[in-house]
Amino acid sequence: MNAYLSFDECALAIVLIFLISQIVRKQYRGSRTNSIMFMMITMIFVSIFCDLSGGAINQYGYPAGWIRFFSYTVNLLYFISRNLIAALFVLYLYSSVDIWHVFTVNRIRNIVWFIPVAIVLFIVLLNGRLFNVFEIAPDGKYSRGNWIILLYAITAFYAIWGISVTLRFRKLLNKDKFYVIIFMYVMIFSGVFAQYIRPGFLIESFCLAMALLFFMVMVRREENQIDPITGATKYNEAIDRVTKNFITHKPVSVILIKIINYSNISLYLGQAKFNEFLHLVTDVMNSSAEENGYVAEVFYLESGLFAFLGETLDEEIISNEAGFMRDYLANPVELDGFTIMPDARICIVKCPEDMEEFQTLFSLGTTFHHTLPETRDVHFYRDYCDDKNFKIRSEMNEILFRAIESNGFEMYYQPIYSTVEKRFVAAEALIRLHDRYYGLVSPALFIPISEATGAIHEIGDFVLRSVIKFISELDMEELGLKYIEMNLSAAQCIEVDLVERIQNLLEKSHVRPESLGLELTETAADINPEIVDHNIMRLHDYGIRIALDDYGTGYSNVKRVTTLPIDQVKLDKSFVDMVDDPQMWIVIQDTISMLKEMGKEVLVEGVEEERVAKMFTEIRTDLIQGCELIQGFYFCKPLPADEFVEFIRTHQPDMA
Ligand code: C2E
Ligand code: MG
Ligand code: MG
């Protein structure tokens with residue numbers, strides 16, 4: 001007896017291992033892609049098993065009785081399973097690139113897929129009478145019939161279909177997967193071709209098994225997509241899936257669930273228990289979906305945000321599921337003796353009905369809890385999507401992108417009044433965004449988002465260039481202006497080349513550093529890494545004025561005010577709003593006194609009324625003779641550059 005394993009036996013062993021692993025891991029259920037893959041592996045196993053056992057029986061000469069029946073059966077099964085593999089692979093591709101709906105909506109495509117399978121069954125069954133596919137001679141010799149070519153043709157038909165789907169939707173496959181599939185085809189074709197030319201060279205099954213091995217190792221790592229910590233599918237997979245859905249216009253429903261107090265819960269539970277909590281929520285979502293008939297998958301998108309991506313489009317079912325989760329999260333959740341009080345916001349989106357681009361869905365995910373009414377009701381995105389403010393917030397990423405692409409930014413300038421000199425001495429540069437669809441968009445909205453997305457660096461650069469250009473073209477002395485201030489975001493303060501860039505721009509434009517002021521927010525001043533201190537120190541040493549903006553809104557880290565070289569402190573409008581509260585008025589006066597004692601120049605922002613302007617001008621204590629600088633609508637709103645110059649020309653006491 002031959003002591004070596006044949007190619008076919010090796011192939012059988014490899015495929016058997018896959019089959020067992022799929023059964024043990026219960027991969028035959030769950031997603032459709034999994035089930036199709038499982039059927040394919042089963043068919044590969046059957047085909048190799050039949051190939052082997054058919055050959056083995058034939059060795060014993062002319063089979064008779066039930067052996068003959070068995071021999072014919074395995075040979076027939078071989079042909080059926082071999083063709084089904086190719087046909088199933090086509091289905092696998094449709095399902096795995098998430099274009100299953102493309103396949104199912106088209107009846108003709110369904111029929112075209114089914115007919116060749118039916119022909120195979122028909123031909124193979126006919127073989128029992130006509131021996132048109134194969135025959136086993138009395139000496140056990142196996143010979144092919146004429147119709148075998150038809151079976152090969154049908155396999156080729158599915159193979160070409162599969163290749164064309166692969167090529168046509170290659171953008172939906174990641175690169176690995178695309179090349180692996182192409183390589184698989186090459187490998188299988190080579191095997192089939194080699195065995196067709198030389199039937200004694202039994203390499204076909206081995207090539208098939210190797211192609212499967214390669215595919216399983218490179219592509220089928222579905223379980224990696226499930227985050228073991230939360231039990232939900234990972235973020236990157238969500239992006240992949242949603243992108244594909246939008247490309248292929250696959251209709252999906254999305255229930256967005258944001259637990260807005262997730263950081264408090266995490267603080268309360270600690271990280272490990274918090275993960276258990278997320279896992280619990282995922283489990284509840286999965287099991288309630290099963291009960292409600294909502295066919296969907298749970299994605300955890302970080303920061304307390306879950307997305308429930310569903311194939312069910314029936315609104316009643318979607319609403320029921322969302323309602324169930326609302327009720328679940330509106331009540332205390334018990335976890336190992338801890339009682340958690342989640343605060344969740346829920347929004348239902350239908351794609352592509354409600355929105356055209358997938359980015360919109362992701363920006364919505366990060367913003368909807370700020371933009372929807374503060375209720376725990378389940379909201380439908382479509383009820384709000386026409387509201388201008390809602391749209392602006394949820395489409396902020398695209399708005400920013402458009403503005404950067406099409407120079408949609410402009411600098412406005414707001415005069416700063418000196419109560420000592422009784423004239424305008426400076427101005428603050430404030431950015432404005434003109435959007436082609438939404439008109440003017442407030443920086444209070446887009447600056448925080450551009451900080452989160454990183455767009456702030458490009459925007460900051462624009463501000464820097466525009467302001468320095470503006471100063472260089474302005475006759476500051478003639479207008480009686482000493483400096484123009486601009487806002488520097490925290491993200492800019494940690495730019496490594498910030499100082500050099502500012503110096504270069506100033507030098508190139510022949511602008512004196514003293515003409516420029518930079519406003520840091522309290523948050524920026526509060527970042528303590530060396531780079532911030534280093535940048536600010538160097539800018540100050542170079543002669544640029546440094547102001548601390550929005551004083552009183554953050555933690556007002558007094559220590560940082562003393563350690564950073566700050567020339568001016570800008571009291572936030574929230575102080576102004578409280579001038580009529582006698583206690584607050586004491587705080588305001590003491591704050592100004594304290595800052596004056598530290599040698600800082602004090603500016604008050606957001607003064608809208610003459611009465612308030614007077615209050616600040618007339619503060620008199622041992623240390624203060626009035627708050628020296630005032631900025632606010634009472635004097636002037638921020639204006640476009642030319643209107644600002646015109647305003648100063650007409651309103652400076654010595655110029656008017
Ligand atoms: P900020 O730097 O504190 O600017 C003052 C804000 O108060 C401006 O709002 C200004 O228009 C507004 N304001 C001035 N006087 C009054 C008043 O009397 N009443 C009221 N109600 N508001 C007044 P704006 O222009 O909407 O800017 C909002 C914030 O956006 C700014 O606050 C600043 O933090 C940020 N920002 C604006 N432009 C830029 C920029 O170029 N770069 C960066 N990084 N941030 C900017
Ligand atoms: Mg400012
Ligand atoms: Mg401010």
# chains A, B, ... in the order shown; residues from 1 in each chain; ligands from 1
$ residues_around --residues "Leu440 in chain A" --least-positions-apart "2" --cutoff "12 Å" --atoms "only C-alpha atoms" --output "MDAnalysis selection string"
chainID A and resid 388:389 392 399 403 408:410 431:438 442:446
$ residues_near_ligand --ligand "ligand 1" --cutoff "9 Å" --atoms "only C-alpha atoms and all ligand atoms" --output "number ranges by chain"
A: 411-414, 428-432, 441-448, 451, 456, 459-460, 462-464, 486-492, 519-521, 549-550, 570, 572-573, 605-609, 631-638
$ residues_around --residues "Lys482 in chain A" --least-positions-apart "3" --cutoff "12 Å" --atoms "only C-alpha atoms" --output "list of chain:residue names"
A:Pro415, A:Ile416, A:Tyr417, A:Ser418, A:Arg423, A:Phe424, A:Val425, A:Ala426, A:Ala427, A:Glu428, A:Ile471, A:Leu474, A:Asp475, A:Met476, A:Glu477, A:Glu478, A:Leu479, A:Glu485, A:Arg512, A:Pro513, A:Glu514, A:Ser515, A:Leu516, A:Gly517, A:Ile544, A:Arg545
$ select_by_dssp --residues "range 346-503 of chain A" --states "strand (DSSP E or B)" --output "PyMOL selection string"
chain A and resi 346-351+378-380+409-418+423-435+439-441+483-488
$ residues_around --residues "range 195-210 of chain A" --least-positions-apart "3" --cutoff "9 Å" --atoms "only C-alpha atoms" --output "NGL selection string"
:A and (6-12 or 14-15 or 44-45 or 47-48 or 51 or 184 or 187-192 or 213-215)
$ atom_distance --atom1 "CA of Val420 in chain A" --atom2 "CA of Gln625 in chain A"
8.9 Å
$ atom_distance --atom1 "CA of Gly162 in chain A" --atom2 "CA of Tyr92 in chain A"
9.2 Å
$ atom_distance --atom1 "CA of Thr282 in chain A" --atom2 "CA of Arg326 in chain A"
13.7 Å
$ closest_residue --among "A:Met218, A:Ala211, A:Pro529, A:Glu610" --to "Lys175 in chain A" --atoms "only C-alpha atoms"
A:Met218
$ residues_around --residues "Val579 in chain A" --least-positions-apart "2" --cutoff "12 Å" --atoms "only C-alpha atoms" --output "list in words"
Lys573, Ser574, Phe575, Val576, Asp577, Asp581, Pro582, Gln583, Met584, Trp585, Ile586, Val587, Ile588, Gln589, Val604, Val607, Glu609, Arg611, Val612, Ala613, Lys614, Met615, Phe616 and Ile619 of chain A
$ write_last_selection --atoms "N, CA and C atoms" --output "PDB file, in the first residue's frame"
ATOM      1  N   LYS A 573     -18.015  87.766  28.800  1.00  0.00           N
ATOM      2  CA  LYS A 573     -19.340  88.406  28.815  1.00  0.00           C
ATOM      3  C   LYS A 573     -20.187  87.919  29.997  1.00  0.00           C
ATOM      4  N   SER A 574     -19.895  86.705  30.475  1.00  0.00           N
ATOM      5  CA  SER A 574     -20.707  86.200  31.593  1.00  0.00           C
ATOM      6  C   SER A 574     -20.575  87.100  32.829  1.00  0.00           C
ATOM      7  N   PHE A 575     -19.440  87.792  32.972  1.00  0.00           N
ATOM      8  CA  PHE A 575     -19.304  88.770  34.067  1.00  0.00           C
ATOM      9  C   PHE A 575     -20.272  89.927  33.844  1.00  0.00           C
ATOM     10  N   VAL A 576     -20.279  90.393  32.595  1.00  0.00           N
ATOM     11  CA  VAL A 576     -21.126  91.535  32.246  1.00  0.00           C
ATOM     12  C   VAL A 576     -22.589  91.215  32.524  1.00  0.00           C
ATOM     13  N   ASP A 577     -22.972  89.961  32.238  1.00  0.00           N
ATOM     14  CA  ASP A 577     -24.373  89.572  32.425  1.00  0.00           C
ATOM     15  C   ASP A 577     -24.790  89.601  33.894  1.00  0.00           C
ATOM     16  N   ASP A 581     -26.152  91.930  39.954  1.00  0.00           N
ATOM     17  CA  ASP A 581     -26.148  91.149  41.190  1.00  0.00           C
ATOM     18  C   ASP A 581     -25.084  91.759  42.108  1.00  0.00           C
ATOM     19  N   PRO A 582     -25.501  92.339  43.256  1.00  0.00           N
ATOM     20  CA  PRO A 582     -24.547  93.063  44.117  1.00  0.00           C
ATOM     21  C   PRO A 582     -23.353  92.201  44.535  1.00  0.00           C
ATOM     22  N   GLN A 583     -23.618  90.911  44.825  1.00  0.00           N
ATOM     23  CA  GLN A 583     -22.514  90.024  45.220  1.00  0.00           C
ATOM     24  C   GLN A 583     -21.515  89.890  44.070  1.00  0.00           C
ATOM     25  N   MET A 584     -22.075  89.704  42.859  1.00  0.00           N
ATOM     26  CA  MET A 584     -21.221  89.511  41.692  1.00  0.00           C
ATOM     27  C   MET A 584     -20.418  90.768  41.396  1.00  0.00           C
ATOM     28  N   TRP A 585     -21.077  91.913  41.625  1.00  0.00           N
ATOM     29  CA  TRP A 585     -20.394  93.185  41.345  1.00  0.00           C
ATOM     30  C   TRP A 585     -19.135  93.302  42.217  1.00  0.00           C
ATOM     31  N   ILE A 586     -19.261  92.759  43.461  1.00  0.00           N
ATOM     32  CA  ILE A 586     -18.083  92.756  44.348  1.00  0.00           C
ATOM     33  C   ILE A 586     -16.990  91.866  43.746  1.00  0.00           C
ATOM     34  N   VAL A 587     -17.426  90.688  43.279  1.00  0.00           N
ATOM     35  CA  VAL A 587     -16.453  89.756  42.677  1.00  0.00           C
ATOM     36  C   VAL A 587     -15.767  90.411  41.479  1.00  0.00           C
ATOM     37  N   ILE A 588     -16.581  91.086  40.640  1.00  0.00           N
ATOM     38  CA  ILE A 588     -16.026  91.715  39.429  1.00  0.00           C
ATOM     39  C   ILE A 588     -14.985  92.768  39.805  1.00  0.00           C
ATOM     40  N   GLN A 589     -15.353  93.627  40.772  1.00  0.00           N
ATOM     41  CA  GLN A 589     -14.416  94.685  41.167  1.00  0.00           C
ATOM     42  C   GLN A 589     -13.137  94.090  41.737  1.00  0.00           C
ATOM     43  N   VAL A 604     -13.039  94.371  29.212  1.00  0.00           N
ATOM     44  CA  VAL A 604     -14.292  93.671  29.447  1.00  0.00           C
ATOM     45  C   VAL A 604     -15.028  93.499  28.119  1.00  0.00           C
ATOM     46  N   VAL A 607     -20.031  94.161  26.153  1.00  0.00           N
ATOM     47  CA  VAL A 607     -20.821  95.266  26.715  1.00  0.00           C
ATOM     48  C   VAL A 607     -21.797  95.760  25.651  1.00  0.00           C
ATOM     49  N   GLU A 609     -24.760  97.734  26.577  1.00  0.00           N
ATOM     50  CA  GLU A 609     -25.552  98.923  26.938  1.00  0.00           C
ATOM     51  C   GLU A 609     -24.656 100.030  27.474  1.00  0.00           C
ATOM     52  N   ARG A 611     -25.337 101.966  29.932  1.00  0.00           N
ATOM     53  CA  ARG A 611     -25.337 101.904  31.399  1.00  0.00           C
ATOM     54  C   ARG A 611     -24.193 101.009  31.904  1.00  0.00           C
ATOM     55  N   VAL A 612     -24.033  99.859  31.261  1.00  0.00           N
ATOM     56  CA  VAL A 612     -23.003  98.909  31.693  1.00  0.00           C
ATOM     57  C   VAL A 612     -21.607  99.457  31.362  1.00  0.00           C
ATOM     58  N   ALA A 613     -21.493 100.078  30.177  1.00  0.00           N
ATOM     59  CA  ALA A 613     -20.207 100.671  29.787  1.00  0.00           C
ATOM     60  C   ALA A 613     -19.795 101.695  30.842  1.00  0.00           C
ATOM     61  N   LYS A 614     -20.774 102.437  31.311  1.00  0.00           N
ATOM     62  CA  LYS A 614     -20.519 103.472  32.322  1.00  0.00           C
ATOM     63  C   LYS A 614     -20.058 102.841  33.632  1.00  0.00           C
ATOM     64  N   MET A 615     -20.767 101.764  34.033  1.00  0.00           N
ATOM     65  CA  MET A 615     -20.414 101.089  35.293  1.00  0.00           C
ATOM     66  C   MET A 615     -18.942 100.690  35.294  1.00  0.00           C
ATOM     67  N   PHE A 616     -18.501 100.133  34.170  1.00  0.00           N
ATOM     68  CA  PHE A 616     -17.102  99.672  34.112  1.00  0.00           C
ATOM     69  C   PHE A 616     -16.135 100.841  34.015  1.00  0.00           C
ATOM     70  N   ILE A 619     -15.785 102.415  37.659  1.00  0.00           N
ATOM     71  CA  ILE A 619     -15.367 101.672  38.853  1.00  0.00           C
ATOM     72  C   ILE A 619     -14.223 102.450  39.509  1.00  0.00           C
TER      73      ILE A 619
END
$ select_by_dssp --residues "range 320-522 of chain A" --states "alpha helix (DSSP H)" --output "JSON, numbers by chain"
{"A": [320, 321, 322, 323, 324, 325, 326, 327, 328, 329, 330, 358, 359, 360, 361, 362, 363, 364, 365, 366, 367, 368, 369, 370, 371, 388, 389, 390, 391, 392, 393, 394, 396, 397, 398, 399, 400, 401, 402, 403, 404, 405, 443, 444, 445, 446, 447, 448, 449, 450, 451, 452, 453, 456, 457, 458, 459, 460, 461, 462, 463, 464, 465, 466, 467, 468, 469, 470, 471, 472, 473, 476, 477, 478, 479, 490, 491, 492, 493, 498, 499, 500, 501, 502, 503, 504, 505, 506, 507, 508, 522]}
$ closest_residue --among "A:Asp541, A:Glu597, A:Asp533, A:Glu522" --to "ligand 2" --atoms "only C-alpha atoms and all ligand atoms"
A:Glu522
$ decode --residues "range 494-534 of chain A" --atoms "N, CA and C atoms" --output "mmCIF file, in the first residue's frame"
data_model
loop_
_atom_site.group_PDB
_atom_site.id
_atom_site.type_symbol
_atom_site.label_atom_id
_atom_site.label_comp_id
_atom_site.auth_asym_id
_atom_site.auth_seq_id
_atom_site.Cartn_x
_atom_site.Cartn_y
_atom_site.Cartn_z
ATOM 1 N N ILE A 494 0.039 74.436 20.480
ATOM 2 C CA ILE A 494 1.013 73.344 20.572
ATOM 3 C C ILE A 494 1.646 73.011 19.221
ATOM 4 N N GLU A 495 1.419 73.875 18.219
ATOM 5 C CA GLU A 495 2.113 73.663 16.939
ATOM 6 C C GLU A 495 3.597 73.952 17.153
ATOM 7 N N VAL A 496 4.433 73.038 16.716
ATOM 8 C CA VAL A 496 5.861 73.160 17.011
ATOM 9 C C VAL A 496 6.504 74.345 16.286
ATOM 10 N N ASP A 497 6.013 74.635 15.050
ATOM 11 C CA ASP A 497 6.662 75.703 14.279
ATOM 12 C C ASP A 497 5.871 77.015 14.328
ATOM 13 N N LEU A 498 4.989 77.133 15.332
ATOM 14 C CA LEU A 498 4.120 78.307 15.404
ATOM 15 C C LEU A 498 4.916 79.616 15.398
ATOM 16 N N VAL A 499 5.941 79.671 16.247
ATOM 17 C CA VAL A 499 6.684 80.923 16.407
ATOM 18 C C VAL A 499 7.363 81.313 15.103
ATOM 19 N N GLU A 500 8.040 80.346 14.491
ATOM 20 C CA GLU A 500 8.755 80.640 13.241
ATOM 21 C C GLU A 500 7.787 81.129 12.163
ATOM 22 N N ARG A 501 6.635 80.498 12.095
ATOM 23 C CA ARG A 501 5.678 80.881 11.039
ATOM 24 C C ARG A 501 5.196 82.307 11.246
ATOM 25 N N ILE A 502 4.892 82.630 12.507
ATOM 26 C CA ILE A 502 4.421 83.998 12.781
ATOM 27 C C ILE A 502 5.533 85.001 12.485
ATOM 28 N N GLN A 503 6.752 84.685 12.944
ATOM 29 C CA GLN A 503 7.883 85.607 12.706
ATOM 30 C C GLN A 503 8.090 85.817 11.210
ATOM 31 N N ASN A 504 8.085 84.736 10.452
ATOM 32 C CA ASN A 504 8.294 84.839 9.011
ATOM 33 C C ASN A 504 7.251 85.716 8.350
ATOM 34 N N LEU A 505 6.001 85.456 8.731
ATOM 35 C CA LEU A 505 4.915 86.234 8.121
ATOM 36 C C LEU A 505 5.043 87.715 8.453
ATOM 37 N N LEU A 506 5.371 87.991 9.731
ATOM 38 C CA LEU A 506 5.496 89.402 10.136
ATOM 39 C C LEU A 506 6.633 90.072 9.374
ATOM 40 N N GLU A 507 7.757 89.359 9.282
ATOM 41 C CA GLU A 507 8.921 89.954 8.611
ATOM 42 C C GLU A 507 8.652 90.193 7.135
ATOM 43 N N LYS A 508 8.060 89.199 6.503
ATOM 44 C CA LYS A 508 7.767 89.331 5.068
ATOM 45 C C LYS A 508 6.825 90.490 4.790
ATOM 46 N N SER A 509 5.887 90.717 5.725
ATOM 47 C CA SER A 509 4.891 91.763 5.487
ATOM 48 C C SER A 509 5.302 93.085 6.124
ATOM 49 N N HIS A 510 6.509 93.119 6.690
ATOM 50 C CA HIS A 510 7.014 94.330 7.358
ATOM 51 C C HIS A 510 6.045 94.835 8.416
ATOM 52 N N VAL A 511 5.566 93.930 9.234
ATOM 53 C CA VAL A 511 4.660 94.319 10.323
ATOM 54 C C VAL A 511 5.434 94.192 11.635
ATOM 55 N N ARG A 512 5.321 95.214 12.461
ATOM 56 C CA ARG A 512 6.009 95.167 13.753
ATOM 57 C C ARG A 512 5.284 94.197 14.674
ATOM 58 N N PRO A 513 6.020 93.397 15.455
ATOM 59 C CA PRO A 513 5.358 92.433 16.334
ATOM 60 C C PRO A 513 4.400 93.102 17.308
ATOM 61 N N GLU A 514 4.684 94.335 17.704
ATOM 62 C CA GLU A 514 3.840 95.035 18.678
ATOM 63 C C GLU A 514 2.448 95.302 18.129
ATOM 64 N N SER A 515 2.316 95.262 16.794
ATOM 65 C CA SER A 515 0.994 95.538 16.201
ATOM 66 C C SER A 515 0.078 94.330 16.265
ATOM 67 N N LEU A 516 0.637 93.185 16.691
ATOM 68 C CA LEU A 516 -0.173 91.972 16.717
ATOM 69 C C LEU A 516 -0.395 91.502 18.149
ATOM 70 N N GLY A 517 -1.629 91.139 18.441
ATOM 71 C CA GLY A 517 -1.925 90.555 19.752
ATOM 72 C C GLY A 517 -2.493 89.158 19.547
ATOM 73 N N LEU A 518 -2.141 88.239 20.428
ATOM 74 C CA LEU A 518 -2.695 86.892 20.326
ATOM 75 C C LEU A 518 -3.541 86.617 21.560
ATOM 76 N N GLU A 519 -4.763 86.115 21.330
ATOM 77 C CA GLU A 519 -5.631 85.784 22.462
ATOM 78 C C GLU A 519 -5.617 84.285 22.701
ATOM 79 N N LEU A 520 -5.261 83.912 23.912
ATOM 80 C CA LEU A 520 -5.331 82.495 24.287
ATOM 81 C C LEU A 520 -6.601 82.311 25.095
ATOM 82 N N THR A 521 -7.222 81.166 24.957
ATOM 83 C CA THR A 521 -8.368 80.917 25.827
ATOM 84 C C THR A 521 -7.823 80.332 27.127
ATOM 85 N N GLU A 522 -8.685 80.284 28.130
ATOM 86 C CA GLU A 522 -8.231 79.705 29.403
ATOM 87 C C GLU A 522 -7.798 78.258 29.232
ATOM 88 N N THR A 523 -8.526 77.527 28.366
ATOM 89 C CA THR A 523 -8.155 76.117 28.165
ATOM 90 C C THR A 523 -6.756 76.023 27.575
ATOM 91 N N ALA A 524 -6.463 76.916 26.610
ATOM 92 C CA ALA A 524 -5.138 76.868 25.987
ATOM 93 C C ALA A 524 -4.082 77.181 27.032
ATOM 94 N N ALA A 525 -4.387 78.200 27.876
ATOM 95 C CA ALA A 525 -3.404 78.601 28.875
ATOM 96 C C ALA A 525 -3.216 77.497 29.906
ATOM 97 N N ASP A 526 -4.247 76.681 30.042
ATOM 98 C CA ASP A 526 -4.202 75.645 31.067
ATOM 99 C C ASP A 526 -3.411 74.410 30.647
ATOM 100 N N ILE A 527 -3.202 74.277 29.325
ATOM 101 C CA ILE A 527 -2.385 73.141 28.880
ATOM 102 C C ILE A 527 -0.966 73.450 29.327
ATOM 103 N N ASN A 528 -0.358 72.498 29.979
ATOM 104 C CA ASN A 528 0.936 72.833 30.558
ATOM 105 C C ASN A 528 2.165 72.274 29.861
ATOM 106 N N PRO A 529 2.015 71.564 28.750
ATOM 107 C CA PRO A 529 3.240 70.980 28.227
ATOM 108 C C PRO A 529 4.238 72.067 27.836
ATOM 109 N N GLU A 530 5.466 71.673 27.855
ATOM 110 C CA GLU A 530 6.547 72.634 27.622
ATOM 111 C C GLU A 530 6.342 73.458 26.368
ATOM 112 N N ILE A 531 5.810 72.788 25.344
ATOM 113 C CA ILE A 531 5.711 73.465 24.053
ATOM 114 C C ILE A 531 4.835 74.719 24.113
ATOM 115 N N VAL A 532 3.746 74.667 24.895
ATOM 116 C CA VAL A 532 2.870 75.838 24.997
ATOM 117 C C VAL A 532 3.629 76.981 25.673
ATOM 118 N N ASP A 533 4.224 76.678 26.806
ATOM 119 C CA ASP A 533 4.969 77.715 27.536
ATOM 120 C C ASP A 533 6.070 78.294 26.660
ATOM 121 N N HIS A 534 6.760 77.376 25.986
ATOM 122 C CA HIS A 534 7.882 77.786 25.157
ATOM 123 C C HIS A 534 7.402 78.710 24.038
#
